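**Student:** What follows is the file target33.cif, containing mmCIF, C-alpha atoms:
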```cif
data_my_file
loop_
_atom_site.group_PDB
_atom_site.id
_atom_site.type_symbol
_atom_site.label_atom_id
_atom_site.label_comp_id
_atom_site.auth_asym_id
_atom_site.auth_seq_id
_atom_site.Cartn_x
_atom_site.Cartn_y
_atom_site.Cartn_z
ATOM 1 C CA MET A 1 97.544 59.396 105.769
ATOM 2 C CA ASN A 2 98.443 62.070 108.311
ATOM 3 C CA GLU A 3 101.836 62.591 106.705
ATOM 4 C CA ALA A 4 100.214 63.067 103.306
ATOM 5 C CA MET A 5 97.745 65.572 104.724
ATOM 6 C CA GLN A 6 100.510 67.509 106.466
ATOM 7 C CA GLY A 7 102.434 67.779 103.219
ATOM 8 C CA GLU A 8 99.397 69.212 101.457
ATOM 9 C CA ALA A 9 98.688 71.675 104.281
ATOM 10 C CA GLU A 10 101.945 73.523 103.655
ATOM 11 C CA PRO A 11 101.431 75.700 100.594
ATOM 12 C CA THR A 12 104.532 76.880 98.818
ATOM 13 C CA ARG A 13 104.880 80.495 97.814
ATOM 14 C CA GLN A 14 107.201 80.412 94.883
ATOM 15 C CA THR A 15 107.138 83.017 92.210
ATOM 16 C CA THR A 16 108.051 82.195 88.671
ATOM 17 C CA GLY A 17 110.497 84.314 86.731
ATOM 18 C CA ASN A 18 107.779 85.920 84.624
ATOM 19 C CA SER A 19 105.284 86.713 87.389
ATOM 20 C CA VAL A 20 105.276 90.181 88.917
ATOM 21 C CA GLU A 21 105.226 90.198 92.706
ATOM 22 C CA ARG A 22 102.606 92.639 93.939
ATOM 23 C CA LYS A 23 102.215 93.793 97.531
ATOM 24 C CA GLU A 24 99.008 94.810 99.245
ATOM 25 C CA PHE A 25 98.890 97.909 101.420
ATOM 26 C CA LEU A 26 96.277 99.282 103.791
ATOM 27 C CA THR A 27 96.041 102.998 103.081
ATOM 28 C CA PHE A 28 95.206 105.597 105.707
ATOM 29 C CA THR A 29 95.260 109.354 106.051
ATOM 30 C CA LEU A 30 96.980 111.703 108.443
ATOM 31 C CA GLY A 31 96.010 115.257 107.631
ATOM 32 C CA LYS A 32 96.163 115.701 103.865
ATOM 33 C CA GLU A 33 98.699 112.939 103.272
ATOM 34 C CA GLU A 34 97.971 109.323 102.453
ATOM 35 C CA TYR A 35 100.124 106.527 103.821
ATOM 36 C CA GLY A 36 100.363 102.802 103.212
ATOM 37 C CA ILE A 37 101.444 99.882 105.392
ATOM 38 C CA GLU A 38 101.740 96.223 104.462
ATOM 39 C CA ILE A 39 98.373 94.575 104.952
ATOM 40 C CA LEU A 40 100.036 91.479 106.435
ATOM 41 C CA LYS A 41 100.932 93.493 109.568
ATOM 42 C CA VAL A 42 97.295 94.509 110.173
ATOM 43 C CA GLN A 43 95.309 92.459 112.666
ATOM 44 C CA GLU A 44 92.097 94.521 112.709
ATOM 45 C CA ILE A 45 90.640 98.001 112.409
ATOM 46 C CA ARG A 46 88.601 99.476 115.268
ATOM 47 C CA SER A 47 86.914 102.753 116.065
ATOM 48 C CA TYR A 48 88.783 105.012 118.475
ATOM 49 C CA GLU A 49 87.899 104.426 122.104
ATOM 50 C CA ARG A 50 89.003 105.969 125.358
ATOM 51 C CA VAL A 51 92.455 104.854 126.485
ATOM 52 C CA THR A 52 94.013 104.486 129.910
ATOM 53 C CA ARG A 53 96.883 106.978 130.191
ATOM 54 C CA ILE A 54 100.280 105.766 131.337
ATOM 55 C CA ALA A 55 102.362 108.121 133.506
ATOM 56 C CA ASN A 56 105.609 109.396 131.941
ATOM 57 C CA ALA A 57 104.861 107.836 128.557
ATOM 58 C CA PRO A 58 105.991 109.814 125.491
ATOM 59 C CA ALA A 59 103.311 112.222 124.183
ATOM 60 C CA PHE A 60 102.649 110.098 121.081
ATOM 61 C CA ILE A 61 101.696 107.096 123.233
ATOM 62 C CA LYS A 62 98.099 107.929 124.087
ATOM 63 C CA GLY A 63 97.815 105.066 126.567
ATOM 64 C CA VAL A 64 96.637 101.469 126.514
ATOM 65 C CA VAL A 65 93.414 99.572 125.867
ATOM 66 C CA ASN A 66 92.349 96.091 126.876
ATOM 67 C CA LEU A 67 91.685 94.150 123.679
ATOM 68 C CA ARG A 68 90.152 90.792 124.589
ATOM 69 C CA GLY A 69 92.574 90.343 127.485
ATOM 70 C CA THR A 70 95.649 91.780 125.746
ATOM 71 C CA ILE A 71 96.961 95.146 126.897
ATOM 72 C CA VAL A 72 97.640 97.121 123.713
ATOM 73 C CA PRO A 73 99.652 100.377 123.624
ATOM 74 C CA ILE A 74 98.052 103.018 121.391
ATOM 75 C CA VAL A 75 100.296 105.342 119.349
ATOM 76 C CA ASP A 76 98.906 108.576 117.892
ATOM 77 C CA MET A 77 100.618 108.792 114.498
ATOM 78 C CA ARG A 78 99.843 112.523 114.062
ATOM 79 C CA ILE A 79 101.859 113.297 117.177
ATOM 80 C CA LYS A 80 104.600 110.800 116.265
ATOM 81 C CA PHE A 81 105.031 112.362 112.805
ATOM 82 C CA ASN A 82 104.815 115.953 114.165
ATOM 83 C CA LEU A 83 101.663 116.686 112.148
ATOM 84 C CA GLY A 84 99.946 118.776 114.800
ATOM 85 C CA SER A 85 97.332 117.867 117.334
ATOM 86 C CA ALA A 86 94.772 115.256 116.445
ATOM 87 C CA GLU A 87 91.056 115.833 116.394
ATOM 88 C CA TYR A 88 89.183 112.679 117.282
ATOM 89 C CA THR A 89 86.071 112.328 115.135
ATOM 90 C CA ASP A 90 83.720 109.541 114.096
ATOM 91 C CA PHE A 91 86.194 108.724 111.301
ATOM 92 C CA THR A 92 89.195 108.377 113.641
ATOM 93 C CA VAL A 93 90.249 104.753 113.764
ATOM 94 C CA VAL A 94 92.795 102.544 115.464
ATOM 95 C CA ILE A 95 94.663 100.079 113.291
ATOM 96 C CA ILE A 96 95.651 97.101 115.415
ATOM 97 C CA LEU A 97 98.999 95.762 114.226
ATOM 98 C CA ASN A 98 100.964 92.641 114.920
ATOM 99 C CA VAL A 99 104.607 93.703 114.663
ATOM 100 C CA ALA A 100 107.710 92.060 116.084
ATOM 101 C CA ASP A 101 105.527 89.565 117.988
ATOM 102 C CA ARG A 102 103.731 92.430 119.736
ATOM 103 C CA VAL A 103 100.228 93.837 119.368
ATOM 104 C CA VAL A 104 100.225 97.631 118.967
ATOM 105 C CA GLY A 105 97.498 100.087 117.968
ATOM 106 C CA MET A 106 97.991 103.223 115.913
ATOM 107 C CA VAL A 107 95.530 106.099 115.736
ATOM 108 C CA VAL A 108 94.999 107.546 112.248
ATOM 109 C CA ASP A 109 92.535 110.085 110.853
ATOM 110 C CA SER A 110 90.821 107.552 108.600
ATOM 111 C CA VAL A 111 91.375 104.330 106.697
ATOM 112 C CA SER A 112 90.981 104.562 102.924
ATOM 113 C CA ASP A 113 91.252 101.149 101.271
ATOM 114 C CA VAL A 114 93.497 98.222 100.431
ATOM 115 C CA ILE A 115 95.516 98.595 97.260
ATOM 116 C CA SER A 116 97.841 96.281 95.382
ATOM 117 C CA LEU A 117 101.073 97.763 94.060
ATOM 118 C CA GLY A 118 103.508 96.241 91.613
ATOM 119 C CA PRO A 119 107.239 97.040 91.622
ATOM 120 C CA ASP A 120 106.699 99.531 88.773
ATOM 121 C CA GLN A 121 104.355 101.572 91.016
ATOM 122 C CA ILE A 122 106.820 101.953 93.902
ATOM 123 C CA ARG A 123 109.596 104.536 93.773
ATOM 124 C CA PRO A 124 112.449 104.928 96.272
ATOM 125 C CA ALA A 125 111.917 107.481 99.017
ATOM 126 C CA PRO A 126 113.579 110.818 98.274
ATOM 127 C CA ASP A 127 116.613 111.706 100.349
ATOM 128 C CA PHE A 128 115.444 114.561 102.529
ATOM 129 C CA SER A 129 115.410 115.514 106.178
ATOM 130 C CA ALA A 130 111.990 114.807 107.609
ATOM 131 C CA SER A 131 110.641 114.751 111.133
ATOM 132 C CA MET A 132 109.804 111.087 110.653
ATOM 133 C CA GLY A 133 113.209 110.122 109.342
ATOM 134 C CA THR A 134 113.467 108.405 106.003
ATOM 135 C CA GLU A 135 114.564 105.115 107.565
ATOM 136 C CA TYR A 136 110.864 104.347 108.136
ATOM 137 C CA ILE A 137 109.815 105.190 104.568
ATOM 138 C CA THR A 138 110.155 102.245 102.209
ATOM 139 C CA GLY A 139 109.131 104.253 99.166
ATOM 140 C CA LEU A 140 106.426 106.215 97.434
ATOM 141 C CA GLY A 141 103.587 104.361 95.782
ATOM 142 C CA THR A 142 101.599 105.759 92.888
ATOM 143 C CA VAL A 143 98.098 104.762 91.852
ATOM 144 C CA ASP A 144 96.564 106.945 89.142
ATOM 145 C CA SER A 145 96.905 110.478 90.555
ATOM 146 C CA ARG A 146 97.338 109.332 94.170
ATOM 147 C CA MET A 147 100.710 109.255 95.889
ATOM 148 C CA LEU A 148 101.185 107.100 98.990
ATOM 149 C CA ILE A 149 103.968 107.330 101.537
ATOM 150 C CA LEU A 150 104.832 103.682 102.204
ATOM 151 C CA VAL A 151 105.883 103.124 105.816
ATOM 152 C CA ASP A 152 107.906 100.237 107.234
ATOM 153 C CA ILE A 153 105.612 99.933 110.232
ATOM 154 C CA GLU A 154 107.616 97.145 111.862
ATOM 155 C CA ALA A 155 110.808 99.236 111.858
ATOM 156 C CA LEU A 156 108.907 102.270 113.134
ATOM 157 C CA MET A 157 107.143 100.443 115.956
ATOM 158 C CA SER A 158 110.355 98.608 116.899
ATOM 159 C CA ALA A 159 112.434 101.800 117.091
ATOM 160 C CA SER A 160 114.010 102.479 120.458
ATOM 161 C CA ASP A 161 112.326 105.909 120.818
ATOM 162 C CA MET A 162 108.911 104.257 120.606
ATOM 163 C CA ALA A 163 109.545 102.475 123.932
ATOM 164 C CA LEU A 164 107.112 99.753 122.858
ATOM 165 C CA MET A 165 109.358 96.744 122.597
ATOM 166 C CA SER A 166 110.908 95.009 125.552
ATOM 167 C CA GLN A 167 114.546 95.960 126.058
ATOM 168 C CA ASP A 168 115.406 92.351 126.872
ATOM 169 C CA THR A 169 114.851 91.446 123.220
ATOM 170 C CA VAL A 170 117.732 93.760 122.232
ATOM 171 C CA HIS A 171 121.128 92.090 122.537
#
```
Can you give me the file's structure in the form of structure tokens?
**Tutor:**
Amino acid sequence: MNEAMQGEAEPTRQTTGNSVERKEFLTFTLGKEEYGIEILKVQEIRSYERVTRIANAPAFIKGVVNLRGTIVPIVDMRIKFNLGSAEYTDFTVVIILNVADRVVGMVVDSVSDVISLGPDQIRPAPDFSASMGTEYITGLGTVDSRMLILVDIEALMSASDMALMSQDTVH
């Protein structure tokens, strides 16, 4: 009986040839731009709280917070993307992410909503020189008149300049 139950507990995620694979994104704002990250990377959304500063950390790493016993580095995305200084308001939030087996928080101006995009709504990122670097942009999503900059948050948070991931994991 246990073997039968174990077999049923493992759902398969196969897509048929005629089904369209849609992805869900959490959308957030930084300044006047709207961004999207895969919802599967999001652990929770919290209001901004005071952080403990870490000496000699890059400017975009605001510090760390203790989240239920886990020390979580907090990255200010406005500073990381060179969008000017951030004003912390009642709408400022921290998106807690689980990326590359690490819990990381990112400060954004506000969270908008969760949207589902099909392949026909995602365009490749244009080839241009940006302060963020296009290697972290997976594409541009369109919903009605809205345009979203879709970010590969795992690649961004795992980048060597972020100094967030342990160097012993790099071979």
**Student:** For the interface of stretch 97-156 of chain A with stretch 27-49 of chain A (cut-off 10 Å, counting all atoms listed in the file), please tabulate each contacting residue of stretch 97-156 of chain A alongside its nearest pair of atoms and their separation in Å to one decimal, rows sorted by chain and increasing number, as CSV.
**Tutor:**
```
residue,atom,partner,partner_atom,distance
A:Leu97,CA,A:Val42,CA,4.6
A:Asn98,CA,A:Lys41,CA,5.4
A:Val99,CA,A:Lys41,CA,6.3
A:Ala100,CA,A:Lys41,CA,9.5
A:Val103,CA,A:Gln43,CA,8.4
A:Val104,CA,A:Gln43,CA,9.5
A:Gly105,CA,A:Ile45,CA,9.1
A:Met106,CA,A:Ile45,CA,9.7
A:Val107,CA,A:Tyr48,CA,7.4
A:Val108,CA,A:Leu30,CA,6.0
A:Asp109,CA,A:Leu30,CA,5.3
A:Ser110,CA,A:Thr29,CA,5.4
A:Val111,CA,A:Phe28,CA,4.2
A:Ser112,CA,A:Phe28,CA,5.2
A:Asp113,CA,A:Thr27,CA,5.4
A:Val114,CA,A:Thr27,CA,6.0
A:Ile115,CA,A:Thr27,CA,7.3
A:Ser116,CA,A:Ile39,CA,9.7
A:Ile137,CA,A:Tyr35,CA,9.8
A:Thr138,CA,A:Ile37,CA,9.6
A:Gly139,CA,A:Gly36,CA,9.8
A:Leu140,CA,A:Tyr35,CA,9.0
A:Gly141,CA,A:Gly36,CA,8.2
A:Arg146,CA,A:Glu34,CA,8.3
A:Met147,CA,A:Glu34,CA,7.1
A:Leu148,CA,A:Tyr35,CA,5.0
A:Ile149,CA,A:Tyr35,CA,4.5
A:Leu150,CA,A:Gly36,CA,4.7
A:Val151,CA,A:Ile37,CA,5.5
A:Asp152,CA,A:Ile37,CA,6.7
A:Ile153,CA,A:Ile37,CA,6.4
A:Glu154,CA,A:Lys41,CA,8.0
```
**Student:** Select, from A:Ile61, A:Val94, A:Tyr136, A:Leu67, the residue with the minimum atom-to-atom distance to A:Ala155, counting all atoms listed in the file.
**Tutor:**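 The shortest atom-to-atom distance to A:Ala155 comes from A:Tyr136.
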**Student:** Figure out the distance between atom CA of A:Thr70 and atom CA of A:Ile54, please, to one decimal in Å.
**Tutor:**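 If I compute the distance from atom CA of A:Ile54 to atom CA of A:Thr70, I get 15.8 Å.
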**Student:** Just so the selection is clear, what residues does the PyMOL selection byres ((chain A and resi 78) around 9) cover here, as a list of chain:residue names?
**Tutor:**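 Applying the PyMOL selection byres ((chain A and resi 78) around 9) to the structure shown produces A:Leu30, A:Gly31, A:Phe60, A:Val75, A:Asp76, A:Met77, A:Ile79, A:Lys80, A:Phe81, A:Asn82, A:Leu83, A:Gly84, A:Ser85, A:Ala86, A:Val107, A:Val108, A:Asp109.
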**Student:** Mind giving me the straight-line distance from atom CA of A:Asp101 to atom CA of A:Tyr88 in Å, one decimal?
**Tutor:**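 Computing the Euclidean distance for atom CA of A:Asp101 and atom CA of A:Tyr88 yields 28.3 Å.
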**Student:** Go through the shown structure with the PyMOL selection byres ((chain A and resi 51-53) around 8) and write out the matching residues as JSON, numbers by chain.
**Tutor:** {"A": [49, 50, 54, 55, 62, 63, 64, 65, 74]}
**Student:** Applied to this file, what does the PyMOL selection byres ((chain A and resi 23) around 8) return in terms of residues, put as a ChimeraX atom specification?
**Tutor:** /A:21-22,24-25,38,116-118
**Student:** In Å, with one decimal, what is the gap from atom CA of A:Leu156 to atom CA of A:Ile122?
**Tutor:**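 Between these atoms lies a distance of 19.3 Å.
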**Student:** Rebuild stretch 67-94 of chain A to N, CA and C atoms - output it as a short mmCIF file (atom, residue, chain, number, x, y, z; two decimals), in the coordinates of the input, please.
**Tutor:**
```cif
data_model
loop_
_atom_site.label_atom_id
_atom_site.label_comp_id
_atom_site.auth_asym_id
_atom_site.auth_seq_id
_atom_site.Cartn_x
_atom_site.Cartn_y
_atom_site.Cartn_z
N LEU A 67 92.28 94.75 124.87
CA LEU A 67 91.68 94.15 123.68
C LEU A 67 91.57 92.65 123.90
N ARG A 68 90.40 92.21 124.33
CA ARG A 68 90.15 90.79 124.59
C ARG A 68 91.23 90.16 125.46
N GLY A 69 91.61 90.87 126.54
CA GLY A 69 92.57 90.34 127.48
C GLY A 69 94.01 90.71 127.20
N THR A 70 94.29 91.35 126.08
CA THR A 70 95.65 91.78 125.75
C THR A 70 95.75 93.29 125.94
N ILE A 71 96.74 93.72 126.70
CA ILE A 71 96.96 95.15 126.90
C ILE A 71 97.73 95.68 125.69
N VAL A 72 97.11 96.63 124.98
CA VAL A 72 97.64 97.12 123.71
C VAL A 72 98.00 98.60 123.84
N PRO A 73 99.29 98.96 123.65
CA PRO A 73 99.65 100.38 123.62
C PRO A 73 99.10 101.03 122.37
N ILE A 74 98.64 102.28 122.51
CA ILE A 74 98.05 103.02 121.39
C ILE A 74 98.94 104.22 121.07
N VAL A 75 99.41 104.27 119.82
CA VAL A 75 100.30 105.34 119.35
C VAL A 75 99.50 106.28 118.45
N ASP A 76 99.55 107.58 118.74
CA ASP A 76 98.91 108.58 117.89
C ASP A 76 99.91 108.98 116.82
N MET A 77 99.66 108.57 115.58
CA MET A 77 100.62 108.79 114.50
C MET A 77 100.76 110.27 114.13
N ARG A 78 99.72 111.09 114.35
CA ARG A 78 99.84 112.52 114.06
C ARG A 78 100.90 113.14 114.96
N ILE A 79 100.88 112.76 116.24
CA ILE A 79 101.86 113.30 117.18
C ILE A 79 103.24 112.73 116.86
N LYS A 80 103.31 111.44 116.58
CA LYS A 80 104.60 110.80 116.26
C LYS A 80 105.27 111.44 115.06
N PHE A 81 104.48 111.78 114.03
CA PHE A 81 105.03 112.36 112.80
C PHE A 81 105.06 113.89 112.84
N ASN A 82 104.81 114.49 114.00
CA ASN A 82 104.82 115.95 114.16
C ASN A 82 103.88 116.65 113.18
N LEU A 83 102.65 116.12 113.07
CA LEU A 83 101.66 116.69 112.15
C LEU A 83 100.61 117.53 112.87
N GLY A 84 100.90 117.96 114.05
CA GLY A 84 99.95 118.78 114.80
C GLY A 84 99.05 117.92 115.67
N SER A 85 98.21 118.59 116.42
CA SER A 85 97.33 117.87 117.33
C SER A 85 96.21 117.17 116.56
N ALA A 86 95.80 116.07 117.09
CA ALA A 86 94.77 115.26 116.44
C ALA A 86 93.39 115.65 116.95
N GLU A 87 92.46 115.68 116.03
CA GLU A 87 91.06 115.83 116.39
C GLU A 87 90.42 114.47 116.26
N TYR A 88 89.80 114.01 117.32
CA TYR A 88 89.18 112.68 117.28
C TYR A 88 87.74 112.84 116.84
N THR A 89 87.41 112.23 115.70
CA THR A 89 86.07 112.33 115.14
C THR A 89 85.50 110.92 114.98
N ASP A 90 84.33 110.84 114.37
CA ASP A 90 83.72 109.54 114.10
C ASP A 90 84.53 108.74 113.09
N PHE A 91 85.38 109.40 112.31
CA PHE A 91 86.19 108.72 111.30
C PHE A 91 87.54 108.26 111.86
N THR A 92 87.93 108.76 113.03
CA THR A 92 89.20 108.38 113.64
C THR A 92 89.16 106.89 113.96
N VAL A 93 90.21 106.20 113.55
CA VAL A 93 90.25 104.75 113.76
C VAL A 93 91.58 104.35 114.38
N VAL A 94 91.58 103.15 114.93
CA VAL A 94 92.80 102.54 115.46
C VAL A 94 93.06 101.30 114.62
#
```
